[in-house]
$ cat query-v7.tsv   # TSV, N, CA and C atoms
chain	number	residue	atom	x	y	z
A	1	MET	N	0.86	-1.17	0.00
A	1	MET	CA	0.00	0.00	0.00
A	1	MET	C	0.90	1.22	0.00
A	2	VAL	N	0.68	2.17	-0.87
A	2	VAL	CA	1.44	3.40	-0.93
A	2	VAL	C	0.50	4.52	-0.54
A	3	THR	N	0.94	5.38	0.36
A	3	THR	CA	0.11	6.52	0.75
A	3	THR	C	0.90	7.79	0.55
A	4	ALA	N	0.20	8.89	0.47
A	4	ALA	CA	0.89	10.17	0.32
A	4	ALA	C	0.15	11.24	1.08
A	5	LEU	N	0.89	12.11	1.72
A	5	LEU	CA	0.30	13.23	2.44
A	5	LEU	C	0.66	14.49	1.70
A	6	ALA	N	-0.34	15.16	1.18
A	6	ALA	CA	-0.13	16.43	0.51
A	6	ALA	C	-0.43	17.54	1.49
A	7	VAL	N	-0.04	18.75	1.16
A	7	VAL	CA	-0.37	19.87	2.02
A	7	VAL	C	-1.89	19.95	2.07
A	8	GLY	N	-2.43	19.62	3.21
A	8	GLY	CA	-3.87	19.62	3.37
A	8	GLY	C	-4.53	18.33	2.99
A	9	ALA	N	-3.78	17.33	2.53
A	9	ALA	CA	-4.47	16.13	2.09
A	9	ALA	C	-3.60	14.89	2.20
A	10	LEU	N	-4.19	13.79	2.60
A	10	LEU	CA	-3.58	12.46	2.54
A	10	LEU	C	-4.10	11.81	1.28
A	11	ALA	N	-3.30	11.21	0.51
A	11	ALA	CA	-3.82	10.61	-0.71
A	11	ALA	C	-3.65	9.11	-0.66
A	12	PRO	N	-4.63	8.39	-0.67
A	12	PRO	CA	-6.01	8.79	-0.50
A	12	PRO	C	-6.16	9.39	0.87
A	13	THR	N	-6.61	10.52	1.01
A	13	THR	CA	-6.22	11.75	1.64
A	13	THR	C	-6.79	12.11	3.00
A	14	ALA	N	-6.08	12.92	3.71
A	14	ALA	CA	-6.60	13.57	4.91
A	14	ALA	C	-6.68	15.05	4.59
A	15	SER	N	-7.82	15.60	4.67
A	15	SER	CA	-8.02	16.99	4.28
A	15	SER	C	-8.15	17.88	5.50
A	16	ALA	N	-7.88	19.14	5.30
A	16	ALA	CA	-8.08	20.12	6.37
A	16	ALA	C	-9.15	21.10	5.94
A	17	PHE	N	-10.03	21.42	6.84
A	17	PHE	CA	-11.08	22.39	6.60
A	17	PHE	C	-11.01	23.42	7.70
A	18	ALA	N	-11.18	24.66	7.37
A	18	ALA	CA	-11.14	25.70	8.40
A	18	ALA	C	-12.24	26.71	8.16
A	19	VAL	N	-12.79	27.23	9.25
A	19	VAL	CA	-13.74	28.32	9.19
A	19	VAL	C	-12.95	29.58	9.52
A	20	LEU	N	-12.85	30.48	8.57
A	20	LEU	CA	-12.03	31.68	8.76
A	20	LEU	C	-12.86	32.85	9.26
A	21	PRO	N	-12.44	33.48	10.36
A	21	PRO	CA	-13.11	34.69	10.82
A	21	PRO	C	-12.78	35.83	9.87
A	22	PRO	N	-13.58	36.90	9.83
A	22	PRO	CA	-13.31	38.02	8.91
A	22	PRO	C	-11.89	38.57	9.02
A	23	ALA	N	-11.31	38.59	10.23
A	23	ALA	CA	-9.96	39.14	10.40
A	23	ALA	C	-8.88	38.26	9.76
A	24	ALA	N	-9.22	37.06	9.35
A	24	ALA	CA	-8.22	36.13	8.82
A	24	ALA	C	-8.04	36.23	7.32
A	25	VAL	N	-8.76	37.11	6.65
A	25	VAL	CA	-8.69	37.14	5.19
A	25	VAL	C	-7.32	37.52	4.66
A	26	ASN	N	-6.47	38.15	5.46
A	26	ASN	CA	-5.14	38.53	5.01
A	26	ASN	C	-4.06	37.57	5.51
A	27	GLY	N	-4.38	36.31	5.52
A	27	GLY	CA	-3.41	35.31	5.96
A	27	GLY	C	-3.73	34.00	5.28
A	28	SER	N	-3.05	32.95	5.72
A	28	SER	CA	-3.31	31.63	5.16
A	28	SER	C	-3.27	30.59	6.26
A	29	ILE	N	-3.89	29.47	5.97
A	29	ILE	CA	-3.83	28.33	6.87
A	29	ILE	C	-3.19	27.19	6.10
A	30	GLY	N	-2.63	26.22	6.82
A	30	GLY	CA	-2.00	25.10	6.14
A	30	GLY	C	-1.85	23.92	7.06
A	31	ILE	N	-1.51	22.82	6.44
A	31	ILE	CA	-1.18	21.60	7.16
A	31	ILE	C	0.00	20.98	6.42
A	32	HIS	N	1.03	20.59	7.15
A	32	HIS	CA	2.20	20.03	6.47
A	32	HIS	C	2.94	19.06	7.36
A	33	LEU	N	3.74	18.21	6.73
A	33	LEU	CA	4.61	17.30	7.47
A	33	LEU	C	5.72	18.09	8.14
A	34	VAL	N	6.09	17.66	9.35
A	34	VAL	CA	7.14	18.33	10.09
A	34	VAL	C	8.51	17.71	9.79
A	35	GLU	N	8.54	16.41	9.50
A	35	GLU	CA	9.81	15.74	9.26
A	35	GLU	C	9.62	14.60	8.29
A	36	ALA	N	10.71	14.21	7.66
A	36	ALA	CA	10.71	13.06	6.76
A	36	ALA	C	11.33	11.87	7.49
A	37	PRO	N	10.94	10.65	7.10
A	37	PRO	CA	11.59	9.48	7.70
A	37	PRO	C	13.09	9.52	7.41
A	38	LYS	N	13.89	9.05	8.34
A	38	LYS	CA	15.35	9.09	8.18
A	38	LYS	C	15.81	8.37	6.92
A	39	ASP	N	15.14	7.26	6.57
A	39	ASP	CA	15.58	6.50	5.40
A	39	ASP	C	15.18	7.19	4.09
A	40	ARG	N	14.43	8.27	4.15
A	40	ARG	CA	14.03	9.02	2.96
A	40	ARG	C	14.44	10.49	3.05
A	41	ALA	N	15.42	10.78	3.88
A	41	ALA	CA	15.85	12.17	4.13
A	41	ALA	C	16.28	12.89	2.85
A	42	ASN	N	16.80	12.18	1.87
A	42	ASN	CA	17.25	12.80	0.62
A	42	ASN	C	16.18	12.85	-0.45
A	43	ASP	N	14.99	12.41	-0.15
A	43	ASP	CA	13.88	12.41	-1.11
A	43	ASP	C	12.99	13.61	-0.79
A	44	ALA	N	13.01	14.64	-1.64
A	44	ALA	CA	12.24	15.86	-1.40
A	44	ALA	C	10.75	15.57	-1.25
A	45	ARG	N	10.24	14.56	-1.93
A	45	ARG	CA	8.82	14.23	-1.82
A	45	ARG	C	8.45	13.81	-0.41
A	46	ALA	N	9.37	13.21	0.32
A	46	ALA	CA	9.10	12.71	1.67
A	46	ALA	C	8.91	13.84	2.68
A	47	ARG	N	9.30	15.06	2.31
A	47	ARG	CA	9.06	16.21	3.19
A	47	ARG	C	7.67	16.81	2.96
A	48	VAL	N	6.99	16.36	1.91
A	48	VAL	CA	5.66	16.88	1.58
A	48	VAL	C	4.60	15.78	1.66
A	49	TYR	N	4.97	14.56	1.32
A	49	TYR	CA	4.02	13.45	1.24
A	49	TYR	C	4.46	12.28	2.11
A	50	VAL	N	3.51	11.51	2.58
A	50	VAL	CA	3.81	10.20	3.17
A	50	VAL	C	3.92	9.27	1.97
A	51	ILE	N	5.12	8.84	1.66
A	51	ILE	CA	5.35	8.04	0.46
A	51	ILE	C	5.78	6.62	0.79
A	52	ASP	N	5.54	6.23	2.02
A	52	ASP	CA	5.93	4.90	2.47
A	52	ASP	C	5.14	3.80	1.79
A	53	HIS	N	5.78	2.66	1.64
A	53	HIS	CA	5.08	1.43	1.27
A	53	HIS	C	4.60	0.83	2.58
A	54	VAL	N	3.31	0.83	2.77
A	54	VAL	CA	2.72	0.41	4.03
A	54	VAL	C	2.14	-0.99	3.84
A	55	HIS	N	2.72	-1.96	4.50
A	55	HIS	CA	2.34	-3.35	4.34
A	55	HIS	C	1.24	-3.74	5.33
A	56	PRO	N	0.51	-4.81	5.04
A	56	PRO	CA	-0.50	-5.30	5.99
A	56	PRO	C	0.12	-5.47	7.38
A	57	GLY	N	-0.59	-4.98	8.40
A	57	GLY	CA	-0.12	-5.06	9.77
A	57	GLY	C	0.76	-3.90	10.20
A	58	ALA	N	1.13	-3.01	9.27
A	58	ALA	CA	2.01	-1.89	9.59
A	58	ALA	C	1.27	-0.79	10.32
A	59	ASP	N	2.01	-0.03	11.10
A	59	ASP	CA	1.49	1.12	11.83
A	59	ASP	C	2.52	2.22	11.67
A	60	ILE	N	2.19	3.28	10.94
A	60	ILE	CA	3.13	4.39	10.79
A	60	ILE	C	2.52	5.66	11.34
A	61	ARG	N	3.39	6.54	11.80
A	61	ARG	CA	2.97	7.84	12.35
A	61	ARG	C	3.86	8.92	11.76
A	62	ARG	N	3.25	10.03	11.42
A	62	ARG	CA	4.00	11.17	10.91
A	62	ARG	C	3.55	12.42	11.65
A	63	LYS	N	4.51	13.21	12.10
A	63	LYS	CA	4.21	14.47	12.76
A	63	LYS	C	3.81	15.50	11.71
A	64	ILE	N	2.76	16.27	12.04
A	64	ILE	CA	2.30	17.33	11.16
A	64	ILE	C	2.19	18.62	11.96
A	65	ALA	N	1.99	19.73	11.26
A	65	ALA	CA	1.72	21.01	11.91
A	65	ALA	C	0.57	21.68	11.18
A	66	LEU	N	-0.36	22.21	11.96
A	66	LEU	CA	-1.43	23.05	11.44
A	66	LEU	C	-0.93	24.48	11.61
A	67	THR	N	-0.93	25.28	10.55
A	67	THR	CA	-0.36	26.62	10.63
A	67	THR	C	-1.39	27.68	10.27
A	68	ASN	N	-1.19	28.87	10.82
A	68	ASN	CA	-2.08	29.99	10.61
A	68	ASN	C	-1.24	31.26	10.57
A	69	SER	N	-1.19	31.92	9.41
A	69	SER	CA	-0.40	33.16	9.31
A	69	SER	C	-1.28	34.40	9.42
A	70	SER	N	-2.56	34.22	9.71
A	70	SER	CA	-3.47	35.36	9.79
A	70	SER	C	-3.37	36.05	11.15
A	71	ALA	N	-4.12	37.14	11.29
A	71	ALA	CA	-4.11	37.93	12.52
A	71	ALA	C	-5.17	37.47	13.52
A	72	ALA	N	-5.87	36.37	13.24
A	72	ALA	CA	-6.93	35.89	14.12
A	72	ALA	C	-6.79	34.39	14.35
A	73	THR	N	-7.25	33.91	15.48
A	73	THR	CA	-7.29	32.48	15.75
A	73	THR	C	-8.23	31.82	14.74
A	74	VAL	N	-7.85	30.66	14.23
A	74	VAL	CA	-8.65	29.93	13.25
A	74	VAL	C	-9.00	28.56	13.81
A	75	LYS	N	-10.27	28.21	13.75
A	75	LYS	CA	-10.71	26.89	14.18
A	75	LYS	C	-10.60	25.96	12.98
A	76	MET	N	-9.82	24.87	13.15
A	76	MET	CA	-9.62	23.90	12.07
A	76	MET	C	-10.12	22.54	12.48
A	77	THR	N	-10.65	21.81	11.51
A	77	THR	CA	-11.06	20.42	11.68
A	77	THR	C	-10.25	19.60	10.70
A	78	THR	N	-9.64	18.51	11.17
A	78	THR	CA	-8.86	17.65	10.28
A	78	THR	C	-9.47	16.26	10.27
A	79	TYR	N	-9.36	15.59	9.14
A	79	TYR	CA	-9.95	14.27	8.99
A	79	TYR	C	-9.36	13.58	7.76
A	80	ALA	N	-9.49	12.28	7.74
A	80	ALA	CA	-9.06	11.50	6.58
A	80	ALA	C	-10.20	11.46	5.58
A	81	ALA	N	-9.90	11.71	4.31
A	81	ALA	CA	-10.89	11.67	3.24
A	81	ALA	C	-10.22	11.15	1.97
A	82	ALA	N	-10.99	10.58	1.09
A	82	ALA	CA	-10.46	9.93	-0.11
A	82	ALA	C	-9.93	10.95	-1.13
A	83	ALA	N	-9.01	10.48	-1.96
A	83	ALA	CA	-8.48	11.25	-3.08
A	83	ALA	C	-7.96	10.27	-4.12
A	84	ASN	N	-7.72	10.78	-5.30
A	84	ASN	CA	-7.14	9.99	-6.38
A	84	ASN	C	-5.97	10.76	-6.97
A	85	ILE	N	-5.10	10.06	-7.66
A	85	ILE	CA	-4.03	10.71	-8.40
A	85	ILE	C	-4.47	10.73	-9.86
A	86	GLN	N	-4.61	11.94	-10.41
A	86	GLN	CA	-5.01	12.12	-11.80
A	86	GLN	C	-4.00	13.03	-12.50
A	87	ASN	N	-3.37	12.51	-13.53
A	87	ASN	CA	-2.37	13.27	-14.28
A	87	ASN	C	-1.28	13.83	-13.37
A	88	GLY	N	-0.90	13.05	-12.35
A	88	GLY	CA	0.16	13.46	-11.45
A	88	GLY	C	-0.27	14.40	-10.34
A	89	ASP	N	-1.56	14.74	-10.26
A	89	ASP	CA	-2.06	15.64	-9.24
A	89	ASP	C	-2.95	14.89	-8.26
A	90	PHE	N	-2.94	15.33	-6.99
A	90	PHE	CA	-3.85	14.78	-5.99
A	90	PHE	C	-5.16	15.52	-6.11
A	91	ILE	N	-6.22	14.78	-6.34
A	91	ILE	CA	-7.55	15.36	-6.47
A	91	ILE	C	-8.41	14.79	-5.34
A	92	GLY	N	-8.80	15.66	-4.41
A	92	GLY	CA	-9.62	15.23	-3.29
A	92	GLY	C	-11.04	14.92	-3.72
A	93	ALA	N	-11.61	13.88	-3.15
A	93	ALA	CA	-13.01	13.55	-3.39
A	93	ALA	C	-13.87	14.57	-2.65
A	94	PRO	N	-15.12	14.73	-3.06
A	94	PRO	CA	-15.97	15.71	-2.39
A	94	PRO	C	-16.23	15.36	-0.92
A	95	GLY	N	-16.31	16.40	-0.11
A	95	GLY	CA	-16.67	16.23	1.29
A	95	GLY	C	-15.74	15.30	2.03
A	96	ARG	N	-16.34	14.44	2.81
A	96	ARG	CA	-15.57	13.49	3.62
A	96	ARG	C	-15.69	12.08	3.06
A	97	THR	N	-15.62	11.96	1.75
A	97	THR	CA	-15.71	10.66	1.09
A	97	THR	C	-14.68	9.70	1.68
A	98	GLN	N	-15.11	8.50	2.02
A	98	GLN	CA	-14.24	7.50	2.62
A	98	GLN	C	-13.78	6.47	1.57
A	99	ASN	N	-12.67	5.82	1.85
A	99	ASN	CA	-12.22	4.65	1.10
A	99	ASN	C	-11.51	3.74	2.10
A	100	GLU	N	-10.94	2.64	1.61
A	100	GLU	CA	-10.31	1.68	2.51
A	100	GLU	C	-9.22	2.33	3.37
A	101	LEU	N	-8.36	3.12	2.76
A	101	LEU	CA	-7.25	3.73	3.49
A	101	LEU	C	-7.74	4.71	4.55
A	102	THR	N	-8.77	5.48	4.26
A	102	THR	CA	-9.22	6.47	5.24
A	102	THR	C	-9.75	5.81	6.50
A	103	THR	N	-10.26	4.59	6.39
A	103	THR	CA	-10.75	3.90	7.59
A	103	THR	C	-9.59	3.44	8.48
A	104	TRP	N	-8.40	3.41	7.95
A	104	TRP	CA	-7.22	3.02	8.72
A	104	TRP	C	-6.44	4.24	9.24
A	105	THR	N	-6.86	5.45	8.85
A	105	THR	CA	-6.10	6.67	9.09
A	105	THR	C	-6.77	7.55	10.13
A	106	THR	N	-5.97	8.04	11.07
A	106	THR	CA	-6.44	8.97	12.09
A	106	THR	C	-5.57	10.22	12.03
A	107	VAL	N	-6.22	11.37	12.04
A	107	VAL	CA	-5.51	12.65	12.08
A	107	VAL	C	-5.85	13.32	13.40
A	108	THR	N	-4.82	13.67	14.17
A	108	THR	CA	-5.04	14.37	15.44
A	108	THR	C	-4.23	15.66	15.45
A	109	PRO	N	-4.75	16.71	16.01
A	109	PRO	CA	-6.04	16.77	16.66
A	109	PRO	C	-7.17	16.79	15.63
A	110	ALA	N	-8.33	16.28	16.02
A	110	ALA	CA	-9.49	16.32	15.12
A	110	ALA	C	-10.01	17.75	14.98
A	111	GLN	N	-9.85	18.54	16.03
A	111	GLN	CA	-10.21	19.96	15.99
A	111	GLN	C	-9.16	20.74	16.76
A	112	ALA	N	-8.88	21.94	16.28
A	112	ALA	CA	-7.89	22.78	16.97
A	112	ALA	C	-8.20	24.24	16.70
A	113	ALA	N	-7.95	25.06	17.68
A	113	ALA	CA	-8.00	26.52	17.52
A	113	ALA	C	-6.55	26.95	17.34
A	114	VAL	N	-6.16	27.19	16.09
A	114	VAL	CA	-4.76	27.53	15.79
A	114	VAL	C	-4.60	29.03	16.00
A	115	PRO	N	-3.69	29.43	16.90
A	115	PRO	CA	-3.57	30.85	17.22
A	115	PRO	C	-3.08	31.69	16.05
A	116	ALA	N	-3.39	32.97	16.11
A	116	ALA	CA	-2.91	33.91	15.10
A	116	ALA	C	-1.40	33.80	14.97
A	117	ARG	N	-0.93	33.74	13.74
A	117	ARG	CA	0.51	33.64	13.44
A	117	ARG	C	1.17	32.51	14.21
A	118	GLY	N	0.42	31.41	14.36
A	118	GLY	CA	0.94	30.31	15.16
A	118	GLY	C	0.80	28.97	14.47
A	119	ARG	N	1.10	27.94	15.24
A	119	ARG	CA	1.03	26.58	14.73
A	119	ARG	C	0.61	25.66	15.86
A	120	THR	N	-0.01	24.56	15.48
A	120	THR	CA	-0.45	23.55	16.42
A	120	THR	C	0.10	22.21	15.93
A	121	PRO	N	0.80	21.47	16.78
A	121	PRO	CA	1.33	20.17	16.35
A	121	PRO	C	0.21	19.14	16.23
A	122	GLY	N	0.47	18.15	15.40
A	122	GLY	CA	-0.49	17.06	15.22
A	122	GLY	C	0.20	15.81	14.73
A	123	GLU	N	-0.60	14.83	14.38
A	123	GLU	CA	-0.05	13.54	13.93
A	123	GLU	C	-1.03	12.86	12.99
A	124	VAL	N	-0.48	12.17	12.01
A	124	VAL	CA	-1.24	11.28	11.14
A	124	VAL	C	-0.77	9.88	11.46
A	125	GLU	N	-1.72	8.99	11.76
A	125	GLU	CA	-1.39	7.59	12.01
A	125	GLU	C	-2.15	6.72	11.04
A	126	ILE	N	-1.44	5.78	10.43
A	126	ILE	CA	-2.04	4.81	9.53
A	126	ILE	C	-1.79	3.43	10.11
A	127	LYS	N	-2.89	2.76	10.50
A	127	LYS	CA	-2.82	1.40	11.04
A	127	LYS	C	-3.46	0.46	10.01
A	128	VAL	N	-2.61	-0.24	9.30
A	128	VAL	CA	-3.09	-1.15	8.27
A	128	VAL	C	-3.43	-2.49	8.92
A	129	PRO	N	-4.66	-2.97	8.74
A	129	PRO	CA	-5.02	-4.27	9.34
A	129	PRO	C	-4.13	-5.39	8.80
A	130	ALA	N	-3.86	-6.36	9.62
A	130	ALA	CA	-3.02	-7.50	9.21
A	130	ALA	C	-3.65	-8.26	8.07
A	131	ASN	N	-4.97	-8.24	7.94
A	131	ASN	CA	-5.62	-8.97	6.86
A	131	ASN	C	-5.92	-8.13	5.64
A	132	ALA	N	-5.31	-6.93	5.56
A	132	ALA	CA	-5.50	-6.06	4.39
A	132	ALA	C	-4.88	-6.69	3.16
A	133	SER	N	-5.51	-6.49	2.02
A	133	SER	CA	-4.95	-7.02	0.78
A	133	SER	C	-3.75	-6.16	0.36
A	134	SER	N	-2.75	-6.78	-0.22
A	134	SER	CA	-1.58	-6.06	-0.72
A	134	SER	C	-1.99	-5.32	-1.97
A	135	GLY	N	-1.30	-4.23	-2.26
A	135	GLY	CA	-1.59	-3.46	-3.48
A	135	GLY	C	-1.47	-1.99	-3.21
A	136	GLU	N	-1.83	-1.22	-4.20
A	136	GLU	CA	-1.73	0.23	-4.08
A	136	GLU	C	-3.11	0.82	-4.02
$ encode --input "query-v7.tsv" --output "structure tokens"
Amino acid sequence: MVTALAVGALAPTASAFAVLPPAAVNGSIGIHLVEAPKDRANDARARVYVIDHVHPGADIRRKIALTNSSAATVKMTTYAAAANIQNGDFIGAPGRTQNELTTWTTVTPAQAAVPARGRTPGEVEIKVPANASSGE
């Protein structure tokens, strides 16, 4: 199983949604990986995406950060949702569409009030069941 974490999305994906207060219009919000696995330190993609081959029974965790460059606190909700790779791009499915991978994926915190010009740490965990079928 190959998974990928894009800025704001796990593919098949974990998306971030935020409700922006009026004071936040002159800033941005984001979600990104904090570190790459040591065995992929020279792979630039590993700093943006979870690109591990995740085998049945595997449990991987990646540190993330929710960021807010605006002048107001932003309430964010994070969750795993489906996506596809089309023409080399990650395309998120509408809403909170689920697939097999999303049922194995947990994003924490599920909700956070990210302070103005601040960041909140988090984690993505993928627990692949031992009886999962091999494949991508």
$ closest_residue --input "query-v7.tsv" --among "A:Phe90, A:Ile85, A:Gln98, A:Leu33" --to "Ala46 in chain A" --atoms "only N, CA and C atoms"
A:Leu33
$ closest_residue --input "query-v7.tsv" --among "A:Pro129, A:Asn68, A:Thr120, A:Ala80" --to "Val107 in chain A" --atoms "only C-alpha atoms"
A:Ala80
$ closest_residue --input "query-v7.tsv" --among "A:Lys75, A:Arg117, A:Lys127, A:Arg96" --to "Pro56 in chain A" --atoms "only C-alpha atoms"
A:Lys127
$ select_by_dssp --input "query-v7.tsv" --residues "chain A" --states "helix (DSSP H, G or I)" --output "PDB file with N, CA and C atoms, in the frame of the given file"
ATOM      1  N   PRO A  22     -13.580  36.900   9.830  1.00  0.00           N
ATOM      2  CA  PRO A  22     -13.310  38.020   8.910  1.00  0.00           C
ATOM      3  C   PRO A  22     -11.890  38.570   9.020  1.00  0.00           C
ATOM      4  N   ALA A  23     -11.310  38.590  10.230  1.00  0.00           N
ATOM      5  CA  ALA A  23      -9.960  39.140  10.400  1.00  0.00           C
ATOM      6  C   ALA A  23      -8.880  38.260   9.760  1.00  0.00           C
ATOM      7  N   ALA A  24      -9.220  37.060   9.350  1.00  0.00           N
ATOM      8  CA  ALA A  24      -8.220  36.130   8.820  1.00  0.00           C
ATOM      9  C   ALA A  24      -8.040  36.230   7.320  1.00  0.00           C
ATOM     10  N   VAL A  25      -8.760  37.110   6.650  1.00  0.00           N
ATOM     11  CA  VAL A  25      -8.690  37.140   5.190  1.00  0.00           C
ATOM     12  C   VAL A  25      -7.320  37.520   4.660  1.00  0.00           C
ATOM     13  N   ASN A  26      -6.470  38.150   5.460  1.00  0.00           N
ATOM     14  CA  ASN A  26      -5.140  38.530   5.010  1.00  0.00           C
ATOM     15  C   ASN A  26      -4.060  37.570   5.510  1.00  0.00           C
ATOM     16  N   LYS A  38      13.890   9.050   8.340  1.00  0.00           N
ATOM     17  CA  LYS A  38      15.350   9.090   8.180  1.00  0.00           C
ATOM     18  C   LYS A  38      15.810   8.370   6.920  1.00  0.00           C
ATOM     19  N   ASP A  39      15.140   7.260   6.570  1.00  0.00           N
ATOM     20  CA  ASP A  39      15.580   6.500   5.400  1.00  0.00           C
ATOM     21  C   ASP A  39      15.180   7.190   4.090  1.00  0.00           C
ATOM     22  N   ARG A  40      14.430   8.270   4.150  1.00  0.00           N
ATOM     23  CA  ARG A  40      14.030   9.020   2.960  1.00  0.00           C
ATOM     24  C   ARG A  40      14.440  10.490   3.050  1.00  0.00           C
ATOM     25  N   ALA A  44      13.010  14.640  -1.640  1.00  0.00           N
ATOM     26  CA  ALA A  44      12.240  15.860  -1.400  1.00  0.00           C
ATOM     27  C   ALA A  44      10.750  15.570  -1.250  1.00  0.00           C
ATOM     28  N   ARG A  45      10.240  14.560  -1.930  1.00  0.00           N
ATOM     29  CA  ARG A  45       8.820  14.230  -1.820  1.00  0.00           C
ATOM     30  C   ARG A  45       8.450  13.810  -0.410  1.00  0.00           C
ATOM     31  N   ALA A  46       9.370  13.210   0.320  1.00  0.00           N
ATOM     32  CA  ALA A  46       9.100  12.710   1.670  1.00  0.00           C
ATOM     33  C   ALA A  46       8.910  13.840   2.680  1.00  0.00           C
ATOM     34  N   ARG A  47       9.300  15.060   2.310  1.00  0.00           N
ATOM     35  CA  ARG A  47       9.060  16.210   3.190  1.00  0.00           C
ATOM     36  C   ARG A  47       7.670  16.810   2.960  1.00  0.00           C
ATOM     37  N   LEU A 101      -8.360   3.120   2.760  1.00  0.00           N
ATOM     38  CA  LEU A 101      -7.250   3.730   3.490  1.00  0.00           C
ATOM     39  C   LEU A 101      -7.740   4.710   4.550  1.00  0.00           C
ATOM     40  N   THR A 102      -8.770   5.480   4.260  1.00  0.00           N
ATOM     41  CA  THR A 102      -9.220   6.470   5.240  1.00  0.00           C
ATOM     42  C   THR A 102      -9.750   5.810   6.500  1.00  0.00           C
ATOM     43  N   THR A 103     -10.260   4.590   6.390  1.00  0.00           N
ATOM     44  CA  THR A 103     -10.750   3.900   7.590  1.00  0.00           C
ATOM     45  C   THR A 103      -9.590   3.440   8.480  1.00  0.00           C
ATOM     46  N   TRP A 104      -8.400   3.410   7.950  1.00  0.00           N
ATOM     47  CA  TRP A 104      -7.220   3.020   8.720  1.00  0.00           C
ATOM     48  C   TRP A 104      -6.440   4.240   9.240  1.00  0.00           C
TER      49      TRP A 104
END
$ closest_residue --input "query-v7.tsv" --among "A:Ala82, A:Ala41, A:Val34, A:Ile64" --to "Pro121 in chain A" --atoms "all atoms listed in the file"
A:Ile64
$ atom_distance --input "query-v7.tsv" --atom1 "atom N of Gly27 in chain A" --atom2 "CA of Ala110 in chain A"
22.8 Å
$ residues_around --input "query-v7.tsv" --residues "Asp59 in chain A" --least-positions-apart "5" --cutoff "7 Å" --atoms "only N, CA and C atoms" --output "ChimeraX atom specification"
/A:125-128
$ residues_near_point --input "query-v7.tsv" --point "(-16.0, 14.4, 6.1)" --cutoff "9 Å" --atoms "only C-alpha atoms" --output "list in words"
Ser15, Thr78, Tyr79, Ala80, Ala81, Pro94, Gly95, Arg96, Thr97 and Gln98 of chain A
$ atom_distance --input "query-v7.tsv" --atom1 "atom C of Lys38 in chain A" --atom2 "atom N of Asp52 in chain A"
11.6 Å
$ closest_residue --input "query-v7.tsv" --among "A:Asn26, A:Asn131, A:Met76, A:His32" --to "Arg62 in chain A" --atoms "only N, CA and C atoms"
A:His32
$ select_by_dssp --input "query-v7.tsv" --residues "chain A" --states "strand (DSSP E)" --output "PyMOL selection string"
chain A and resi 4-6+9-11+14-19+29-33+59-68+74-80+83-86+89-92+105-108+111-114+118-127
$ atom_distance --input "query-v7.tsv" --atom1 "CA of Gly57 in chain A" --atom2 "CA of Pro109 in chain A"
23.6 Å
$ closest_residue --input "query-v7.tsv" --among "A:Asp89, A:Ser28, A:Glu100, A:His53" --to "Arg119 in chain A" --atoms "only C-alpha atoms"
A:Ser28
